[in-house]
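Source file target-v3.csv; content: CSV, C-alpha atoms.
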```csv
chain,number,residue,atom,x,y,z
A,353,MET,CA,81.9,43.1,107.2
A,354,THR,CA,78.4,44.5,107.7
A,355,LEU,CA,79.3,47.1,110.5
A,356,ASN,CA,76.2,45.8,112.4
A,357,LYS,CA,76.7,45.5,116.1
A,358,PHE,CA,76.7,41.9,117.4
A,359,GLN,CA,74.1,41.5,120.1
A,360,GLN,CA,74.1,38.6,122.6
A,361,ASN,CA,72.5,38.2,126.0
A,362,LYS,CA,73.0,35.6,128.9
A,363,ASN,CA,70.3,33.3,127.5
A,364,ASP,CA,72.1,33.2,124.1
A,365,LEU,CA,75.4,32.4,125.8
A,366,GLU,CA,73.8,29.5,127.8
A,367,ARG,CA,72.3,28.1,124.6
A,368,LEU,CA,75.6,28.2,122.8
A,369,LYS,CA,77.2,26.4,125.7
A,370,GLU,CA,74.6,23.7,125.5
A,371,ILE,CA,75.1,23.2,121.8
A,372,SER,CA,78.9,23.2,122.2
A,373,ASP,CA,78.6,20.5,124.9
A,374,LYS,CA,76.4,18.3,122.8
A,375,ILE,CA,78.7,18.5,119.8
A,376,SER,CA,81.7,17.8,122.0
A,377,LYS,CA,80.0,14.8,123.5
A,378,GLU,CA,79.1,13.5,120.0
A,379,TYR,CA,82.7,13.6,118.8
A,380,GLY,CA,84.4,12.5,122.0
A,381,CYS,CA,85.9,15.8,122.9
A,382,LYS,CA,86.5,17.2,126.4
A,383,ILE,CA,83.5,19.0,128.0
A,384,ILE,CA,84.4,21.7,130.4
A,385,VAL,CA,82.9,20.9,133.8
A,386,ARG,CA,81.2,23.9,135.3
A,387,PRO,CA,80.7,24.4,139.0
A,388,GLU,CA,77.4,23.0,140.2
A,389,GLN,CA,74.8,25.8,140.5
A,390,LYS,CA,71.7,26.1,142.6
A,391,LEU,CA,68.5,28.0,141.8
A,392,GLY,CA,69.0,31.6,142.7
A,393,ASN,CA,65.3,32.3,143.1
A,394,SER,CA,62.2,30.4,144.1
A,395,HIS,CA,58.4,30.6,143.6
A,396,LYS,CA,57.9,31.5,147.2
A,397,ASN,CA,60.3,34.5,146.9
A,398,TYR,CA,58.6,35.5,143.6
A,399,LEU,CA,55.2,35.6,145.4
A,400,VAL,CA,56.7,37.8,148.1
A,401,TYR,CA,58.1,40.2,145.4
A,402,LEU,CA,54.7,40.3,143.7
A,403,ALA,CA,53.0,41.1,147.0
A,404,GLN,CA,55.4,44.0,147.6
A,405,ASN,CA,55.0,45.4,144.1
A,406,SER,CA,51.4,44.7,143.4
A,407,TYR,CA,50.5,48.4,143.7
A,408,ARG,CA,51.9,49.0,140.2
A,409,LYS,CA,49.5,46.5,138.6
A,410,GLU,CA,46.6,47.9,140.7
A,411,ILE,CA,47.4,51.5,139.6
A,412,LYS,CA,47.4,50.3,135.9
A,413,ASN,CA,44.1,48.5,136.4
A,414,LYS,CA,42.4,51.5,137.9
A,415,LEU,CA,43.7,53.9,135.3
A,416,GLU,CA,42.5,51.5,132.6
A,417,PHE,CA,39.1,51.4,134.2
A,418,LEU,CA,38.8,55.2,134.9
A,419,MET,CA,39.9,56.2,131.4
A,420,ASN,CA,36.7,54.4,130.1
A,421,HIS,CA,34.4,55.7,132.9
A,422,SER,CA,35.2,59.4,133.0
A,423,HIS,CA,34.2,62.3,130.8
A,424,THR,CA,36.5,65.1,131.8
A,425,TRP,CA,40.0,65.3,133.4
A,426,GLU,CA,38.6,66.7,136.6
A,427,ASP,CA,35.9,64.0,136.6
A,428,PHE,CA,38.8,61.5,136.2
A,429,LYS,CA,40.7,62.8,139.2
A,430,GLU,CA,37.5,62.9,141.4
A,431,LYS,CA,36.7,59.3,140.6
A,432,ALA,CA,40.3,58.3,141.0
A,433,SER,CA,40.2,59.7,144.5
A,434,ALA,CA,37.1,57.7,145.3
A,435,LEU,CA,39.0,54.6,144.3
A,436,ASN,CA,41.9,55.6,146.7
A,437,LEU,CA,44.2,56.6,143.8
A,438,LYS,CA,45.7,60.0,144.4
A,439,VAL,CA,46.5,61.9,141.1
A,440,ASP,CA,49.0,64.8,141.3
A,441,ASP,CA,49.3,66.8,138.0
A,442,THR,CA,50.5,70.1,139.5
A,443,LYS,CA,54.2,69.5,138.4
A,444,LYS,CA,56.0,68.6,135.3
A,445,TYR,CA,55.1,64.9,135.5
A,446,THR,CA,51.8,63.4,136.6
A,447,THR,CA,52.2,61.1,139.5
A,448,TYR,CA,50.1,58.4,141.2
A,449,LEU,CA,49.9,57.2,144.7
A,450,LEU,CA,47.7,54.2,145.8
A,451,GLU,CA,46.6,55.1,149.2
A,452,GLY,CA,46.3,52.3,151.8
A,453,SER,CA,48.8,50.1,149.9
A,454,GLU,CA,52.5,49.1,150.3
A,455,GLN,CA,53.5,52.1,148.0
A,456,THR,CA,55.6,54.7,149.9
A,457,LYS,CA,56.7,56.9,147.0
A,458,LYS,CA,54.7,58.5,144.2
A,459,ILE,CA,55.1,56.9,140.8
A,460,ARG,CA,55.4,58.9,137.6
A,461,ASP,CA,53.1,58.2,134.6
A,462,ARG,CA,56.1,57.5,132.5
A,463,SER,CA,57.3,54.8,134.9
A,464,LEU,CA,54.2,52.7,134.2
A,465,LYS,CA,55.9,51.9,130.8
A,466,ASN,CA,52.8,52.3,128.7
A,467,ASP,CA,52.1,55.4,126.6
A,468,LYS,CA,48.3,55.2,127.1
A,469,PHE,CA,48.8,56.1,130.8
A,470,LEU,CA,50.5,59.4,129.9
A,471,LYS,CA,48.3,62.4,130.9
A,472,GLU,CA,47.8,63.7,127.3
A,473,ASN,CA,46.8,60.2,126.1
A,474,LEU,CA,44.4,59.7,129.0
A,475,LYS,CA,42.8,63.0,128.4
A,476,GLY,CA,42.4,62.1,124.7
A,477,GLN,CA,40.6,58.9,125.5
A,478,ILE,CA,38.4,60.5,128.2
A,479,GLU,CA,37.2,63.2,125.8
A,480,ARG,CA,36.0,60.5,123.4
A,481,ASN,CA,33.7,58.8,126.0
A,482,THR,CA,30.0,59.2,125.3
A,483,ILE,CA,28.5,57.7,128.4
A,484,GLY,CA,28.5,59.5,131.7
A,485,TYR,CA,28.8,57.8,135.1
A,486,SER,CA,28.4,59.2,138.5
A,487,VAL,CA,31.1,58.7,141.2
A,488,GLU,CA,28.8,56.3,143.0
A,489,GLU,CA,28.2,54.2,139.9
A,490,VAL,CA,31.9,54.0,139.2
A,491,VAL,CA,32.7,52.8,142.7
A,492,LYS,CA,30.0,50.2,142.5
A,493,LEU,CA,31.2,49.0,139.0
A,494,TRP,CA,34.8,48.8,140.2
A,495,ASN,CA,33.8,46.8,143.3
A,496,ASP,CA,31.8,44.4,141.2
A,497,LYS,CA,34.7,44.1,138.7
A,498,GLU,CA,37.1,43.3,141.6
A,499,SER,CA,34.6,40.7,143.0
A,500,ILE,CA,34.3,38.9,139.7
A,501,GLN,CA,38.1,39.1,139.2
A,502,GLU,CA,38.8,37.6,142.7
A,503,LYS,CA,36.2,34.9,142.3
A,504,ASN,CA,37.5,33.7,138.9
A,505,GLN,CA,41.1,34.6,139.0
A,506,GLU,CA,43.3,32.3,136.9
A,507,LYS,CA,45.4,30.2,139.1
A,508,GLU,CA,48.6,28.4,138.4
A,509,ILE,CA,49.1,24.8,137.3
A,510,SER,CA,51.0,23.0,140.0
A,511,ILE,CA,52.9,19.8,139.1
A,512,LEU,CA,55.5,17.7,140.8
A,513,VAL,CA,58.7,17.2,138.8
A,514,GLU,CA,60.9,14.4,140.1
A,515,ASP,CA,64.7,14.5,140.4
A,516,TRP,CA,65.2,12.0,137.6
A,517,GLN,CA,63.5,14.3,135.1
A,518,ILE,CA,66.0,17.1,135.7
A,519,GLU,CA,68.9,17.5,133.3
A,520,LYS,CA,70.6,20.3,135.3
A,521,GLU,CA,69.9,23.2,137.7
A,522,THR,CA,71.4,26.7,137.3
A,523,GLU,CA,71.0,30.0,139.1
A,524,ASN,CA,68.3,31.2,136.7
A,525,PHE,CA,66.7,28.0,135.2
A,526,LEU,CA,65.7,24.5,135.9
A,527,TYR,CA,66.4,22.3,132.8
A,528,VAL,CA,63.9,19.5,132.4
A,529,THR,CA,63.9,16.7,129.9
A,530,ILE,CA,60.5,16.1,128.2
A,531,ASP,CA,59.1,14.1,125.3
A,532,THR,CA,57.5,16.2,122.6
A,533,ALA,CA,55.4,15.1,119.7
A,534,LEU,CA,56.3,11.7,118.2
A,535,ASP,CA,58.4,11.0,121.3
A,536,LYS,CA,61.2,13.4,120.4
A,537,GLU,CA,63.3,14.3,123.4
A,538,ALA,CA,63.8,18.0,124.3
A,539,THR,CA,65.1,20.1,127.1
A,540,ILE,CA,62.9,22.8,128.4
A,541,LYS,CA,64.0,25.8,130.5
A,542,ILE,CA,61.8,26.7,133.5
A,543,PRO,CA,62.6,30.0,135.2
A,544,ALA,CA,63.7,29.8,138.9
A,545,ARG,CA,60.7,32.0,139.9
A,546,CYS,CA,58.4,29.2,138.8
A,547,VAL,CA,60.1,26.5,140.9
A,548,ASP,CA,60.2,25.5,144.6
A,549,LYS,CA,62.8,22.9,145.5
A,550,LEU,CA,61.5,20.3,148.0
A,551,GLU,CA,63.5,18.7,150.8
A,552,ASN,CA,63.5,15.3,149.1
A,553,GLY,CA,65.3,16.7,146.0
A,554,ASP,CA,62.1,16.9,143.9
A,555,TYR,CA,60.7,20.1,142.5
A,556,GLN,CA,57.2,21.7,142.6
A,557,VAL,CA,56.7,23.7,139.4
A,558,PHE,CA,54.1,26.5,139.1
A,559,ILE,CA,53.1,27.6,135.6
A,560,LYS,CA,50.1,29.1,133.8
A,561,ASN,CA,48.4,28.0,130.6
A,562,LYS,CA,49.7,30.8,128.5
A,563,ASP,CA,53.2,31.0,129.9
A,564,ARG,CA,55.8,30.6,127.1
A,565,PHE,CA,58.9,28.4,127.7
A,566,SER,CA,61.9,28.0,125.5
A,567,TYR,CA,63.1,24.5,124.7
A,568,LEU,CA,65.8,22.8,122.6
A,569,ASP,CA,65.2,19.8,120.4
A,570,LYS,CA,68.0,17.4,121.3
A,571,LYS,CA,68.3,16.1,117.7
A,572,SER,CA,68.5,19.7,116.4
A,573,PRO,CA,70.1,21.7,119.1
A,574,ALA,CA,70.4,24.8,117.0
A,575,ASN,CA,66.6,25.1,116.9
A,576,ASN,CA,65.2,27.2,119.8
A,577,LYS,CA,61.5,26.7,120.0
A,578,ILE,CA,58.6,27.9,122.2
A,579,MET,CA,56.1,25.7,124.2
A,580,TYR,CA,53.1,27.0,126.1
A,581,GLY,CA,52.5,26.2,129.8
A,582,THR,CA,49.4,23.9,129.1
A,583,THR,CA,51.5,21.8,126.7
A,584,VAL,CA,54.4,21.6,129.2
A,585,ALA,CA,52.1,20.4,131.9
A,586,LYS,CA,50.7,17.6,129.7
A,587,ASN,CA,54.1,16.5,128.6
A,588,LEU,CA,55.4,16.3,132.2
A,589,GLN,CA,52.3,14.4,133.2
A,590,ARG,CA,52.7,11.9,130.4
A,591,GLN,CA,56.4,11.4,131.3
A,592,SER,CA,56.1,10.9,135.1
A,593,GLY,CA,52.4,10.1,135.7
A,594,ASN,CA,52.1,12.9,138.2
A,595,VAL,CA,48.8,14.6,137.6
A,596,PRO,CA,48.9,18.5,137.5
A,597,LEU,CA,46.5,20.5,139.5
A,598,TYR,CA,44.6,22.7,137.0
A,599,SER,CA,42.5,25.7,137.5
A,600,ASP,CA,40.1,26.7,134.7
A,601,ASN,CA,40.9,30.0,133.1
A,602,ALA,CA,37.4,31.6,133.0
A,603,ASN,CA,36.4,34.4,130.6
A,604,ILE,CA,36.8,36.9,133.5
A,605,LYS,CA,37.1,40.0,131.3
A,606,LEU,CA,34.1,38.9,129.2
A,607,LYS,CA,32.0,38.4,132.3
A,608,GLN,CA,33.0,41.8,133.6
A,609,VAL,CA,32.0,43.4,130.3
A,610,PHE,CA,28.6,41.7,130.3
A,611,HIS,CA,28.0,42.7,133.9
A,612,GLU,CA,28.7,46.3,133.0
A,613,PHE,CA,26.4,46.3,130.0
A,614,ASP,CA,23.7,44.7,132.1
A,615,PHE,CA,24.2,47.7,134.5
A,616,LEU,CA,23.8,50.1,131.5
A,617,ILE,CA,20.5,48.4,130.5
A,618,SER,CA,19.2,48.7,134.1
A,619,GLN,CA,19.9,52.5,133.9
A,620,GLY,CA,18.2,52.8,130.5
A,621,LEU,CA,21.5,53.6,128.7
A,622,GLY,CA,22.5,52.3,125.3
A,623,PHE,CA,25.6,50.3,124.3
A,624,ASP,CA,28.6,51.8,122.6
A,625,ARG,CA,30.4,50.2,119.7
A,626,SER,CA,32.6,48.0,122.0
A,627,PHE,CA,29.6,45.8,122.7
A,628,GLU,CA,29.1,45.1,119.0
A,629,THR,CA,32.8,44.3,118.8
A,630,ILE,CA,32.3,41.7,121.5
A,631,GLY,CA,29.7,39.9,119.5
A,632,LYS,CA,31.9,39.9,116.4
A,633,ASP,CA,34.9,38.6,118.4
A,634,LEU,CA,32.7,35.8,120.0
A,635,LYS,CA,31.5,34.6,116.6
A,636,ALA,CA,35.0,34.8,115.1
A,637,THR,CA,36.3,32.7,118.1
A,638,TYR,CA,33.5,30.2,117.6
A,639,GLN,CA,34.3,29.8,113.9
A,640,GLU,CA,38.1,29.5,114.5
A,641,THR,CA,37.5,26.9,117.3
A,642,GLN,CA,35.2,24.9,115.0
A,643,HIS,CA,37.9,25.1,112.3
A,644,GLN,CA,40.5,23.8,114.6
A,645,LEU,CA,38.2,20.9,115.7
A,646,ASP,CA,37.7,19.9,112.0
A,647,LYS,CA,41.5,19.9,111.5
A,648,LEU,CA,42.0,17.7,114.6
A,649,ASP,CA,39.3,15.3,113.5
A,650,THR,CA,41.1,14.9,110.1
A,651,LYS,CA,44.4,14.3,111.8
A,652,ILE,CA,43.0,11.7,114.1
A,653,ILE,CA,41.4,9.8,111.2
A,654,GLU,CA,44.6,9.9,109.3
A,655,TYR,CA,46.6,8.4,112.2
A,656,VAL,CA,43.9,5.8,112.8
A,657,GLU,CA,44.0,4.7,109.2
A,658,GLN,CA,47.8,4.6,109.3
A,659,ASN,CA,47.7,2.4,112.4
A,660,LYS,CA,45.2,0.1,110.7
A,661,SER,CA,47.5,-0.4,107.7
A,662,LEU,CA,50.3,-1.8,110.0
A,663,ASP,CA,50.7,-5.4,111.0
A,664,TYR,CA,51.6,-4.4,114.5
A,665,VAL,CA,50.6,-1.8,117.1
A,666,ASP,CA,52.7,1.4,116.7
A,667,THR,CA,52.9,2.8,120.3
A,668,THR,CA,54.1,6.2,119.0
A,669,ILE,CA,51.0,6.6,116.7
A,670,ARG,CA,48.7,5.2,119.5
A,671,ASP,CA,50.0,7.8,122.0
A,672,THR,CA,49.8,10.6,119.3
A,673,ILE,CA,46.1,9.7,118.8
A,674,LYS,CA,45.5,9.7,122.5
A,675,ASN,CA,47.0,13.2,122.9
A,676,LEU,CA,45.1,14.5,119.9
A,677,LYS,CA,41.8,13.3,121.4
A,678,LEU,CA,42.6,15.0,124.7
A,679,GLU,CA,43.3,18.2,122.7
A,680,ARG,CA,40.0,17.8,120.9
A,681,ASP,CA,38.2,17.4,124.2
A,682,ASP,CA,39.7,20.7,125.4
A,683,LEU,CA,38.6,22.5,122.2
A,684,ARG,CA,35.1,21.1,122.5
A,685,ASP,CA,34.9,22.5,126.0
A,686,THR,CA,36.1,25.9,124.7
A,687,LEU,CA,33.5,25.8,121.9
A,688,TYR,CA,30.7,25.1,124.5
A,689,LYS,CA,31.8,28.0,126.6
A,690,VAL,CA,31.9,30.4,123.6
A,691,ASP,CA,28.5,29.2,122.5
A,692,LYS,CA,27.1,30.0,126.0
A,693,ASN,CA,28.6,33.4,125.9
A,694,ILE,CA,27.1,34.1,122.5
A,695,GLN,CA,23.7,33.1,123.9
A,696,TYR,CA,24.2,35.6,126.7
A,697,TYR,CA,25.2,38.3,124.3
A,698,GLN,CA,22.0,37.7,122.3
A,699,LYS,CA,19.9,37.9,125.5
A,700,SER,CA,21.6,41.2,126.3
A,701,GLU,CA,20.5,42.6,122.9
A,702,GLN,CA,17.0,41.4,123.6
A,703,ARG,CA,16.9,43.0,127.0
A,704,LEU,CA,18.0,46.3,125.5
A,705,GLU,CA,15.2,46.1,122.9
A,706,ALA,CA,12.7,45.3,125.6
A,707,TYR,CA,13.8,48.3,127.6
A,708,GLN,CA,13.7,50.6,124.7
A,709,LYS,CA,10.1,49.6,124.1
A,710,ASN,CA,9.3,50.6,127.7
A,711,GLN,CA,9.0,47.0,128.8
A,712,SER,CA,10.8,45.6,131.9
A,713,PRO,CA,13.8,43.5,131.1
A,714,LYS,CA,12.7,39.8,131.3
A,715,HIS,CA,16.1,38.4,132.1
A,716,LYS,CA,18.6,39.5,134.7
A,717,ALA,CA,22.3,38.6,134.8
A,718,ARG,CA,23.0,35.6,136.9
A,719,ASN,CA,26.2,33.7,137.6
A,720,ASP,CA,25.0,30.7,135.7
A,721,ASP,CA,24.7,32.8,132.6
A,722,PHE,CA,28.4,32.5,132.3
A,723,GLU,CA,30.1,29.2,131.7
A,724,ILE,CA,33.1,29.6,133.9
```
Can you give me the file's structure in the form of structure tokens?
Amino acid sequence: MTLNKFQQNKNDLERLKEISDKISKEYGCKIIVRPEQKLGNSHKNYLVYLAQNSYRKEIKNKLEFLMNHSHTWEDFKEKASALNLKVDDTKKYTTYLLEGSEQTKKIRDRSLKNDKFLKENLKGQIERNTIGYSVEEVVKLWNDKESIQEKNQEKEISILVEDWQIEKETENFLYVTIDTALDKEATIKIPARCVDKLENGDYQVFIKNKDRFSYLDKKSPANNKIMYGTTVAKNLQRQSGNVPLYSDNANIKLKQVFHEFDFLISQGLGFDRSFETIGKDLKATYQETQHQLDKLDTKIIEYVEQNKSLDYVDTTIRDTIKNLKLERDDLRDTLYKVDKNIQYYQKSEQRLEAYQKNQSPKHKARNDDFEI
């Protein structure tokens, strides 16, 4: 006896039921038939929910922006008002109201569920800022930021999943059978909010590249693993032949940062340390991507040599090589984009040096400077 409290949630219970059913089936035991369930949510309903609650995200985004573009608390409140964010700090809790939105009640800073948005932490960050912006400059930078965000917003991957690919449907999840590496069969759980059921019985699934999905290896049901959205889409495509509709996830935040530093140069202001950090992060990303490419090249060569040594064509190895090559192409594309951003970073440094020598900047930021 350890006296530790046993913790279990609904997902754990569902997973134990699945394991129990598989073991019972293997040994010929009776499997309890549960009532057929239908998805309790849908992607359409989820989008409606997001639209009705989008003000929370916008408040967080504006607070994040303002905490880096204000130099006193009063300056912060004035700029917040200019961005239609009403700040009330006259009572025990600081509250926020996004004017002109669906928000009807003020929201407390503690309700944003992030300590950095508490008044004392915001004031601490604001006091450390060294660059001063006018209200007009802040409004312009925010509008530019929003324009870049809207233009390059990451969209979902949409893919058709046919009825025969479905293992079962419950209130909270759609269970889909997929083939993982080396053609191992697994069951993946897709939340109901990511699924729209079609009239013909098929399903339209909406996921993003970095979404994380839990899946069970059918040969090792006790193992609960994670698969990213981009991998899920590729596996579903390989299984059914239905091509997913991709939207490239641009370096939106990076482009916004470059845009702001270009603005600072035009005003004759210097960079702070965060710009140097961007350069270091870009170089580290480039090196890491190059390292991953080298590892993939080695893997591909090993599988090719292994296939050559056989007297027959191993379809499993052949498909593995094909998938590795696709992954390598994606990485090469990433490497190219990082390289372009490094070039822009270096041009930004040169523009600053030119300005500091009382010369006019020779290069202005353009959309084609960013590989989006």
(Q) So that I can see what lies close to Ser453 of chain A, please list as a VMD selection string the residues with an atom at most 9 Å from it, counting all atoms listed in the file and leaving out residues fewer than 4 positions away in the same chain. (A) chain A and resid 406 to 407 449
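Separating atom CA of Arg564 of chain A from atom CA of Leu512 of chain A is a distance of 18.8 Å.
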Cut-off 12 Å: closest segment 434-458 of chain A/segment 466-489 of chain A atom pairs per residue, using all atoms listed in the file, as a tab-separated table:
```
residue	atom	partner	partner_atom	distance
A:Ala434	CA	A:Val487	CA	7.3
A:Leu435	CA	A:Val487	CA	9.4
A:Val439	CA	A:Lys471	CA	10.4
A:Asp440	CA	A:Lys471	CA	10.7
A:Asp441	CA	A:Lys471	CA	8.4
A:Thr442	CA	A:Lys471	CA	11.8
A:Lys443	CA	A:Lys471	CA	11.9
A:Lys444	CA	A:Lys471	CA	10.8
A:Tyr445	CA	A:Lys471	CA	8.6
A:Thr446	CA	A:Lys471	CA	6.8
A:Thr447	CA	A:Lys471	CA	9.5
A:Tyr448	CA	A:Phe469	CA	10.7
```
Hey, can you spit out that residue selection with C-alpha atoms as a short mmCIF file (atom, residue, chain, number, x, y, z; two decimals), in the coordinates of the input?
```
data_model
loop_
_atom_site.label_atom_id
_atom_site.label_comp_id
_atom_site.auth_asym_id
_atom_site.auth_seq_id
_atom_site.Cartn_x
_atom_site.Cartn_y
_atom_site.Cartn_z
CA ALA A 434 37.10 57.70 145.30
CA LEU A 435 39.00 54.60 144.30
CA VAL A 439 46.50 61.90 141.10
CA ASP A 440 49.00 64.80 141.30
CA ASP A 441 49.30 66.80 138.00
CA THR A 442 50.50 70.10 139.50
CA LYS A 443 54.20 69.50 138.40
CA LYS A 444 56.00 68.60 135.30
CA TYR A 445 55.10 64.90 135.50
CA THR A 446 51.80 63.40 136.60
CA THR A 447 52.20 61.10 139.50
CA TYR A 448 50.10 58.40 141.20
#
```
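We find atom CA of Val513 of chain A and atom CA of Asn675 of chain A to be spaced 20.1 Å apart.
From atom CA of Leu634 of chain A back to atom CA of Tyr697 of chain A, the distance works out to 9.0 Å.
Counting all atoms listed in the file and comparing A:Lys651, A:Lys431, A:Lys369, A:Lys414, the residue that lies closest to Ile669 of chain A is A:Lys651.
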**Q.** Of the listed residues A:Thr667, A:Thr539, A:Val690, A:Gln658, that which approaches Phe565 of chain A most closely, counting only C-alpha atoms
**A.** A:Thr539
Q | Close residues, Asp373 of chain A itself excluded, 10 Å, all atoms listed in the file, min 3 positions apart in chain, as a ChimeraX atom specification | A | /A:367-370,376-378,381-385
Based on the selection just made, write C-alpha atoms of those residues as a compact mmCIF listing (two decimals), in the frame of the given file.
```txt
# COMPACT_ATOMS: atom_id res chain seq x y z
CA ARG A 367 72.30 28.10 124.60
CA LEU A 368 75.60 28.20 122.80
CA LYS A 369 77.20 26.40 125.70
CA GLU A 370 74.60 23.70 125.50
CA SER A 376 81.70 17.80 122.00
CA LYS A 377 80.00 14.80 123.50
CA GLU A 378 79.10 13.50 120.00
CA CYS A 381 85.90 15.80 122.90
CA LYS A 382 86.50 17.20 126.40
CA ILE A 383 83.50 19.00 128.00
CA ILE A 384 84.40 21.70 130.40
CA VAL A 385 82.90 20.90 133.80
```
List as CSV every residue of segment 654-674 of chain A that is in contact with segment 582-592 of chain A, defined as an atom at most 12 Å from one of its atoms (using only C-alpha atoms), together with the nearest atom pair and the distance in Å rounded to one decimal, sorted by chain and then rising number.
```
residue,atom,partner,partner_atom,distance
A:Asp671,CA,A:Arg590,CA,9.7
A:Thr672,CA,A:Arg590,CA,11.5
A:Lys674,CA,A:Arg590,CA,10.9
```
